[in-house]
Structure formats: C-alpha cells, structure tokens
$ cat final.csv   # CSV, C-alpha atoms
chain,number,residue,atom,x,y,z
A,1,MET,CA,92.4,67.9,131.2
A,2,PHE,CA,89.0,68.6,129.5
A,3,ASN,CA,90.6,71.1,127.1
A,4,LEU,CA,93.3,68.5,126.2
A,5,LEU,CA,90.8,65.7,125.5
A,6,TRP,CA,88.3,68.0,123.8
A,7,GLY,CA,91.2,69.5,121.8
A,8,ALA,CA,92.1,66.0,120.5
A,9,VAL,CA,88.5,65.5,119.3
A,10,PHE,CA,88.5,69.0,117.8
A,11,VAL,CA,91.6,68.3,115.8
A,12,LEU,CA,90.3,64.9,114.6
A,13,VAL,CA,87.0,66.5,113.4
A,14,ASN,CA,88.8,69.3,111.6
A,15,PHE,CA,91.1,66.9,109.8
A,16,MET,CA,88.1,64.7,108.8
A,17,PHE,CA,86.3,67.7,107.4
A,18,PHE,CA,89.5,68.6,105.5
A,19,LEU,CA,89.6,65.1,103.9
A,20,LEU,CA,85.9,65.2,103.2
A,21,CYS,CA,86.2,68.6,101.5
A,22,TYR,CA,88.9,67.3,99.2
A,23,ARG,CA,87.2,64.0,98.5
A,24,LEU,CA,83.9,65.7,97.6
A,25,PHE,CA,85.1,68.7,95.7
A,26,GLY,CA,88.6,68.0,94.6
A,27,LYS,CA,91.1,70.8,93.9
A,28,LYS,CA,88.3,73.4,94.2
A,29,GLY,CA,87.6,72.0,97.6
A,30,LEU,CA,91.2,72.8,98.7
A,31,TYR,CA,90.7,76.4,97.5
A,32,ALA,CA,87.4,76.6,99.4
A,33,TRP,CA,89.1,75.2,102.5
A,34,ILE,CA,91.8,77.7,102.5
A,35,GLY,CA,89.3,80.6,102.1
A,36,VAL,CA,87.1,79.3,105.0
A,37,ALA,CA,90.0,78.3,107.2
A,38,THR,CA,91.6,81.7,106.9
A,39,VAL,CA,88.5,83.4,108.2
A,40,LEU,CA,87.7,80.9,111.0
A,41,ALA,CA,91.3,80.9,112.2
A,42,ASN,CA,91.2,84.6,112.7
A,43,ILE,CA,88.0,84.4,114.7
A,44,GLN,CA,89.1,81.4,116.8
A,45,VAL,CA,92.4,83.1,117.7
A,46,THR,CA,90.6,85.7,119.7
A,47,LYS,CA,89.9,83.0,122.3
A,48,THR,CA,92.6,82.0,124.8
A,49,ILE,CA,92.5,78.7,126.7
A,50,ASP,CA,94.4,77.0,129.4
A,51,LEU,CA,96.1,73.8,128.2
A,52,LEU,CA,97.8,71.9,130.9
A,53,GLY,CA,98.5,75.1,132.8
A,54,ILE,CA,99.8,77.0,129.7
A,55,THR,CA,97.9,79.9,128.1
A,56,THR,CA,97.5,79.5,124.4
A,57,THR,CA,95.1,80.7,121.6
A,58,LEU,CA,92.8,78.7,119.4
A,59,GLY,CA,93.0,78.8,115.7
A,60,ASN,CA,96.2,76.7,115.4
A,61,THR,CA,94.4,73.7,113.9
A,62,MET,CA,92.9,75.8,111.1
A,63,TYR,CA,96.3,77.5,110.5
A,64,VAL,CA,98.0,74.1,110.1
A,65,SER,CA,95.2,72.8,107.8
A,66,MET,CA,95.9,75.8,105.5
A,67,TYR,CA,99.5,74.6,105.2
A,68,MET,CA,98.2,71.1,104.6
A,69,ALA,CA,96.0,72.3,101.8
A,70,SER,CA,98.8,74.4,100.1
A,71,ASP,CA,101.2,71.5,100.4
A,72,LEU,CA,98.7,69.1,98.9
A,73,LEU,CA,98.1,71.5,96.0
A,74,ASN,CA,101.9,71.8,95.6
A,75,GLU,CA,102.3,68.0,95.7
A,76,LYS,CA,99.6,67.1,93.2
A,77,TYR,CA,99.2,70.2,91.0
A,78,GLY,CA,102.4,72.2,91.3
A,79,PRO,CA,103.6,75.4,93.0
A,80,LYS,CA,101.6,77.7,90.7
A,81,GLU,CA,98.3,76.2,91.9
A,82,ALA,CA,99.5,76.4,95.5
A,83,ARG,CA,100.4,80.1,95.2
A,84,LYS,CA,97.0,80.8,93.6
A,85,ALA,CA,95.3,79.3,96.5
A,86,VAL,CA,97.4,81.3,98.9
A,87,TRP,CA,96.3,84.6,97.2
A,88,PHE,CA,92.7,83.4,97.3
A,89,GLY,CA,93.0,83.0,101.1
A,90,PHE,CA,94.5,86.5,101.2
A,91,PHE,CA,91.6,88.0,99.3
A,92,THR,CA,89.1,86.1,101.5
A,93,LEU,CA,90.4,87.6,104.7
A,94,ILE,CA,90.6,91.2,103.2
A,95,MET,CA,87.0,90.8,102.0
A,96,THR,CA,85.8,89.6,105.4
A,97,THR,CA,87.5,92.3,107.3
A,98,ILE,CA,86.2,95.1,105.1
A,99,THR,CA,82.6,93.8,105.0
A,100,MET,CA,82.4,93.1,108.7
A,101,GLN,CA,83.7,96.6,109.6
A,102,MET,CA,80.9,98.0,107.4
A,103,VAL,CA,78.4,95.8,109.1
A,104,LEU,CA,79.4,97.2,112.5
A,105,LEU,CA,78.7,100.8,111.3
A,106,PHE,CA,75.0,100.1,110.7
A,107,GLN,CA,72.8,101.6,113.5
A,108,PRO,CA,71.1,98.7,115.4
A,109,THR,CA,67.5,98.7,116.6
A,110,ALA,CA,66.6,99.1,120.2
A,111,THR,CA,65.8,95.4,120.4
A,112,ASP,CA,69.0,94.2,118.7
A,113,PHE,CA,71.2,91.8,120.6
A,114,ALA,CA,73.9,91.1,118.1
A,115,GLN,CA,75.8,94.5,117.9
A,116,ALA,CA,77.6,94.3,121.2
A,117,PRO,CA,79.0,90.8,120.8
A,118,MET,CA,79.8,91.4,117.1
A,119,GLN,CA,81.5,94.6,118.0
A,120,GLN,CA,83.6,92.8,120.7
A,121,LEU,CA,84.5,90.0,118.4
A,122,PHE,CA,84.9,91.7,115.0
A,123,GLY,CA,86.1,95.0,116.4
A,124,LEU,CA,89.4,93.2,117.0
A,125,LEU,CA,89.5,91.9,113.4
A,126,PRO,CA,91.4,94.9,111.8
A,127,ARG,CA,94.4,94.4,114.0
A,128,LEU,CA,94.2,90.6,113.9
A,129,ALA,CA,93.6,90.8,110.1
A,130,PHE,CA,96.7,93.0,109.6
A,131,ALA,CA,98.8,90.6,111.7
A,132,SER,CA,97.4,87.6,110.0
A,133,LEU,CA,97.6,89.0,106.5
A,134,THR,CA,101.2,89.9,106.9
A,135,ALA,CA,102.1,86.6,108.6
A,136,TYR,CA,100.0,84.6,106.1
A,137,ALA,CA,101.4,86.2,103.0
A,138,VAL,CA,105.0,85.9,104.0
A,139,SER,CA,104.8,82.4,105.6
A,140,GLN,CA,102.5,80.7,103.0
A,141,LEU,CA,104.4,82.0,100.0
A,142,LEU,CA,107.6,80.9,101.8
A,143,ASP,CA,106.1,77.5,102.4
A,144,VAL,CA,105.3,77.0,98.7
A,145,ARG,CA,108.9,77.9,97.8
A,146,LEU,CA,110.4,75.7,100.5
A,147,TYR,CA,108.2,72.7,99.5
A,148,ALA,CA,109.3,73.0,95.9
A,149,TRP,CA,112.9,73.4,97.0
A,150,ILE,CA,112.9,70.4,99.4
A,151,ARG,CA,111.2,68.3,96.7
A,152,LYS,CA,114.4,68.6,94.6
A,153,PHE,CA,116.3,66.7,97.3
A,154,PHE,CA,113.5,64.4,98.5
A,155,PRO,CA,111.4,63.7,95.4
A,156,LYS,CA,110.3,60.2,96.1
A,157,ARG,CA,106.6,59.4,96.8
A,158,HIS,CA,107.3,58.1,100.3
A,159,GLN,CA,109.2,61.2,101.2
A,160,LEU,CA,106.1,63.4,101.4
A,161,TRP,CA,106.5,63.6,105.2
A,162,ILE,CA,109.9,65.3,104.7
A,163,ARG,CA,108.6,67.8,102.2
A,164,GLY,CA,105.5,68.6,104.1
A,165,ASN,CA,106.9,68.7,107.6
A,166,GLY,CA,110.1,70.4,106.6
A,167,SER,CA,108.5,73.3,104.7
A,168,THR,CA,105.6,73.8,107.2
A,169,MET,CA,107.6,73.7,110.4
A,170,ILE,CA,110.0,76.4,109.1
A,171,SER,CA,107.3,78.6,107.6
A,172,SER,CA,104.9,78.2,110.5
A,173,PHE,CA,107.5,79.5,112.9
A,174,ILE,CA,107.9,82.6,110.7
A,175,ASP,CA,104.1,82.9,110.7
A,176,THR,CA,103.9,82.6,114.4
A,177,LEU,CA,106.7,85.1,115.0
A,178,ILE,CA,105.2,87.8,112.7
A,179,PHE,CA,101.6,87.3,114.0
A,180,CYS,CA,102.5,87.4,117.7
A,181,SER,CA,104.7,90.5,117.1
A,182,ILE,CA,101.8,92.4,115.6
A,183,ALA,CA,98.7,91.0,117.2
A,184,PHE,CA,100.1,90.8,120.8
A,185,TYR,CA,102.2,93.9,120.7
A,186,GLY,CA,102.1,95.6,124.1
A,187,TYR,CA,101.5,92.4,126.1
A,188,ALA,CA,103.8,91.7,129.0
A,189,TRP,CA,107.1,90.1,127.8
A,190,GLY,CA,106.5,86.9,129.7
A,191,ILE,CA,103.0,86.4,128.3
A,192,TRP,CA,104.1,87.3,124.8
A,193,LEU,CA,106.9,84.6,124.9
A,194,GLU,CA,104.5,82.1,126.3
A,195,LEU,CA,102.0,82.7,123.5
A,196,LEU,CA,104.7,82.6,120.9
A,197,PHE,CA,106.3,79.3,122.0
A,198,THR,CA,103.1,77.5,123.0
A,199,THR,CA,101.5,78.5,119.7
A,200,TYR,CA,104.5,77.3,117.7
A,201,ILE,CA,104.8,74.0,119.7
A,202,LEU,CA,101.1,73.3,119.0
A,203,LYS,CA,101.5,74.0,115.3
A,204,PHE,CA,104.6,71.7,115.3
A,205,VAL,CA,102.6,68.9,116.9
A,206,LEU,CA,99.6,69.5,114.7
A,207,THR,CA,101.8,69.4,111.6
A,208,ALA,CA,103.2,66.0,112.5
A,209,ALA,CA,99.7,64.8,113.4
A,210,GLY,CA,98.4,66.0,110.0
A,211,THR,CA,101.0,64.0,108.0
A,212,PRO,CA,99.0,60.8,107.8
A,213,ILE,CA,96.0,62.9,106.5
A,214,LEU,CA,98.2,64.2,103.7
A,215,TYR,CA,99.2,60.7,102.7
A,216,ILE,CA,95.5,59.7,102.6
A,217,ALA,CA,94.4,62.7,100.7
A,218,ARG,CA,97.2,62.3,98.1
A,219,ASN,CA,95.8,59.0,97.1
A,220,PHE,CA,92.4,60.5,96.1
A,221,ARG,CA,91.9,60.4,92.4
A,222,PHE,CA,89.6,62.6,90.3
A,223,ILE,CA,89.2,61.7,86.7
A,224,GLU,CA,88.7,65.3,85.5
A,225,GLU,CA,92.0,66.3,87.2
A,226,GLU,CA,94.2,63.4,86.2
A,227,GLU,CA,95.9,65.3,83.4
A,228,GLN,CA,96.8,68.2,85.8
A,229,THR,CA,98.2,65.9,88.5
A,230,ILE,CA,101.9,66.1,88.9
A,231,LYS,CA,103.5,62.6,89.1
A,232,PRO,CA,106.3,62.4,91.8
$ encode --input "final.csv" --output "structure tokens"
Amino acid sequence: MFNLLWGAVFVLVNFMFFLLCYRLFGKKGLYAWIGVATVLANIQVTKTIDLLGITTTLGNTMYVSMYMASDLLNEKYGPKEARKAVWFGFFTLIMTTITMQMVLLFQPTATDFAQAPMQQLFGLLPRLAFASLTAYAVSQLLDVRLYAWIRKFFPKRHQLWIRGNGSTMISSFIDTLIFCSIAFYGYAWGIWLELLFTTYILKFVLTAAGTPILYIARNFRFIEEEEQTIKP
C-alpha cells in the first residue's frame, strides 16, 4: 500500500515539475525536460517494485512525461519542433551512455566508495540504453506522426485529449514492447509478460492522468513565442 500511495505523490510531483519547467522556460524548457527525463527514466527503470502484488519497474512516469512534452510541442509549435525534441532526447541518452562508460574505466583510489555502486547501476546502461534508444526512436517518432494524423480528424481545441491519448497510448505500447523485448530478454516468460503488461497498464493510466496537465500547459502564453504558436 505504501508504494501505491507514495507512487501517487511521486506522479504528482513529477507533473508539477513538468508544468513548472514549461512555465519558467517555455519551449526550451520542454526540450530540456525531454533530455533530462530520457536519462532519469533509464536510471529509474533499473529498480523494480511491488505494486499491489505485481512486479513492475520505475521510470514509467518519466517516459509518459516525454510523450506529454512532445505532444505539447506538436500541439503548439508543430511536428517539426516535436521531432527536433525527440532527436535531442536521443542525443542526450547516447551522450550519457558513452560518458558514463568512460567514467567507469577510470581507476578508483583505495578509499573510493563510488565505483562499485556506479558500476552496478551504470554498468547496465549500455543494454538498457540500446533497448531504450531503439524503443524511444521508433515510438516517439511514431507518436509525432500519429498526433499530426489524428489532429486532421479531431482538430478542435477541446479535442486535445483525443489527440494526446490516442497517439500516446498506441506509441507507448510499441515503446514498451520493444524495450521489454531487448532489456528483459532471457527473463522467464511469465515474468517478462508481467513486466510488459504491468508497464503498459501503468503508462496507460499515467497518460490519462497527465491529460489535465496538458490542458493547463497549453494555456500558458509566452510573448516571444506567440508568432510560432500554432492555432488549433
């Protein structure tokens, strides 16, 4: 029960930081959010927790917030800006993976305490990064296309929830399937299926929970960006 209650607080805090990042820094804040969230999600996903008797991984909130950021960019600034942000996140993860692997190769001193835990955590990063990079690139670029496509049929301002949820719920399933197939290859079949479906269900719920946040964020106005804003 603690994990469930603490998880609700965790989601709320993450979504509030998302809003604050956009409110304070505008479009650049969304780029920064995607870059940071990409790295944090791949660190958090190494931790598994018990949620109401079901084994699942962390990182789902951050993954969903990346879709929220790209959807918001798509909504207000167009698919070109959304794709640019996706590639920025891709670059951030590659840079983090390479630099942290180089850090691990430095010879620590006799009194060093960081090498072992860093090795345990970031030693997993290459495999997780490969899984995440593949899943991220495919699903995020798909999400941008789906959002623009759905917008043709549901273009009205109040139909944001259809565009956002429709594109994200499809692309996040593709993301989860690709990631679990690579990152958890070799796991027992039952555990693999449990991780796949619990991860997707959590993303599904979090996507719905994040919809009001998107409506709030869309109403933010920045004078210097008004000319770039796409009017629904």
$ residues_around --input "final.csv" --residues "Ala131 in chain A" --least-positions-apart "4" --cutoff "12 Å" --atoms "all atoms listed in the file" --output "PyMOL selection string"
chain A and resi 42+45+93-94+124-127+135-139+175-185
$ atom_distance --input "final.csv" --atom1 "CA of Ala148 in chain A" --atom2 "CA of Ile213 in chain A"
19.8 Å
$ residues_around --input "final.csv" --residues "Gln119 in chain A" --least-positions-apart "2" --cutoff "12 Å" --atoms "only C-alpha atoms" --output "count of residues only"
19
$ atom_distance --input "final.csv" --atom1 "CA of Ser167 in chain A" --atom2 "CA of Val64 in chain A"
11.8 Å
$ closest_residue --input "final.csv" --among "A:Ile162, A:Ala209, A:Thr134, A:Thr198" --to "Leu52 in chain A" --atoms "all atoms listed in the file"
A:Thr198
$ closest_atom_pairs --input "final.csv" --of "range 10-42 of chain A" --to "range 73-86 of chain A" --cutoff "8 Å" --atoms "only C-alpha atoms" --output "JSON lines"
{"residue": "A:Lys27", "atom": "CA", "partner": "A:Leu73", "partner_atom": "CA", "distance": 7.3}
{"residue": "A:Leu30", "atom": "CA", "partner": "A:Leu73", "partner_atom": "CA", "distance": 7.5}
{"residue": "A:Tyr31", "atom": "CA", "partner": "A:Ala85", "partner_atom": "CA", "distance": 5.5}
{"residue": "A:Ile34", "atom": "CA", "partner": "A:Ala85", "partner_atom": "CA", "distance": 7.1}
$ write_last_selection --input "final.csv" --atoms "C-alpha atoms" --output "short mmCIF file (atom, residue, chain, number, x, y, z; two decimals), in the coordinates of the input"
data_model
loop_
_atom_site.label_atom_id
_atom_site.label_comp_id
_atom_site.auth_asym_id
_atom_site.auth_seq_id
_atom_site.Cartn_x
_atom_site.Cartn_y
_atom_site.Cartn_z
CA LYS A 27 91.10 70.80 93.90
CA LEU A 30 91.20 72.80 98.70
CA TYR A 31 90.70 76.40 97.50
CA ILE A 34 91.80 77.70 102.50
#
$ closest_residue --input "final.csv" --among "A:Leu146, A:Leu4, A:Ile54, A:Leu20" --to "Ile191 in chain A" --atoms "all atoms listed in the file"
A:Ile54
$ residues_around --input "final.csv" --residues "Ser65 in chain A" --least-positions-apart "5" --cutoff "8 Å" --atoms "all atoms listed in the file" --output "ChimeraX atom specification"
/A:15,18,34,37,210
$ residues_near_point --input "final.csv" --point "(111.4, 76.8, 107.6)" --cutoff "12 Å" --atoms "all atoms listed in the file" --output "short mmCIF file (atom, residue, chain, number, x, y, z; two decimals) with C-alpha atoms, in the frame of the given file"
data_model
loop_
_atom_site.label_atom_id
_atom_site.label_comp_id
_atom_site.auth_asym_id
_atom_site.auth_seq_id
_atom_site.Cartn_x
_atom_site.Cartn_y
_atom_site.Cartn_z
CA VAL A 138 105.00 85.90 104.00
CA SER A 139 104.80 82.40 105.60
CA GLN A 140 102.50 80.70 103.00
CA LEU A 141 104.40 82.00 100.00
CA LEU A 142 107.60 80.90 101.80
CA ASP A 143 106.10 77.50 102.40
CA VAL A 144 105.30 77.00 98.70
CA ARG A 145 108.90 77.90 97.80
CA LEU A 146 110.40 75.70 100.50
CA TYR A 147 108.20 72.70 99.50
CA TRP A 149 112.90 73.40 97.00
CA ILE A 150 112.90 70.40 99.40
CA ILE A 162 109.90 65.30 104.70
CA ARG A 163 108.60 67.80 102.20
CA GLY A 164 105.50 68.60 104.10
CA ASN A 165 106.90 68.70 107.60
CA GLY A 166 110.10 70.40 106.60
CA SER A 167 108.50 73.30 104.70
CA THR A 168 105.60 73.80 107.20
CA MET A 169 107.60 73.70 110.40
CA ILE A 170 110.00 76.40 109.10
CA SER A 171 107.30 78.60 107.60
CA SER A 172 104.90 78.20 110.50
CA PHE A 173 107.50 79.50 112.90
CA ILE A 174 107.90 82.60 110.70
CA ASP A 175 104.10 82.90 110.70
CA THR A 176 103.90 82.60 114.40
CA PHE A 204 104.60 71.70 115.30
#
$ closest_residue --input "final.csv" --among "A:Gln120, A:Gly26, A:Thr207, A:Thr96" --to "Lys47 in chain A" --atoms "all atoms listed in the file"
A:Gln120
$ residues_around --input "final.csv" --residues "Trp33 in chain A" --least-positions-apart "6" --cutoff "9 Å" --atoms "only C-alpha atoms" --output "PyMOL selection string"
chain A and resi 18+21-22+65-66+69+89
$ write_last_selection --input "final.csv" --atoms "C-alpha atoms" --output "short mmCIF file (atom, residue, chain, number, x, y, z; two decimals), in the frame of the given file"
data_model
loop_
_atom_site.label_atom_id
_atom_site.label_comp_id
_atom_site.auth_asym_id
_atom_site.auth_seq_id
_atom_site.Cartn_x
_atom_site.Cartn_y
_atom_site.Cartn_z
CA PHE A 18 89.50 68.60 105.50
CA CYS A 21 86.20 68.60 101.50
CA TYR A 22 88.90 67.30 99.20
CA SER A 65 95.20 72.80 107.80
CA MET A 66 95.90 75.80 105.50
CA ALA A 69 96.00 72.30 101.80
CA GLY A 89 93.00 83.00 101.10
#
$ closest_residue --input "final.csv" --among "A:Leu24, A:Val11, A:Leu160, A:Leu72" --to "Phe222 in chain A" --atoms "only C-alpha atoms"
A:Leu24
$ atom_distance --input "final.csv" --atom1 "CA of Thr199 in chain A" --atom2 "CA of Met16 in chain A"
22.1 Å
$ closest_residue --input "final.csv" --among "A:Asn3, A:Thr99, A:Thr109, A:Thr48" --to "Glu194 in chain A" --atoms "all atoms listed in the file"
A:Thr48
$ closest_residue --input "final.csv" --among "A:Gln159, A:Thr38, A:Phe88, A:Met62" --to "Val13 in chain A" --atoms "all atoms listed in the file"
A:Met62
$ residues_around --input "final.csv" --residues "Ala8 in chain A" --least-positions-apart "6" --cutoff "12 Å" --atoms "all atoms listed in the file" --output "tab-separated table (two decimals) with C-alpha atoms, in the coordinates of the input"
chain	number	residue	atom	x	y	z
A	1	MET	CA	92.40	67.90	131.20
A	2	PHE	CA	89.00	68.60	129.50
A	14	ASN	CA	88.80	69.30	111.60
A	15	PHE	CA	91.10	66.90	109.80
A	51	LEU	CA	96.10	73.80	128.20
A	61	THR	CA	94.40	73.70	113.90
A	202	LEU	CA	101.10	73.30	119.00
A	205	VAL	CA	102.60	68.90	116.90
A	206	LEU	CA	99.60	69.50	114.70
A	209	ALA	CA	99.70	64.80	113.40
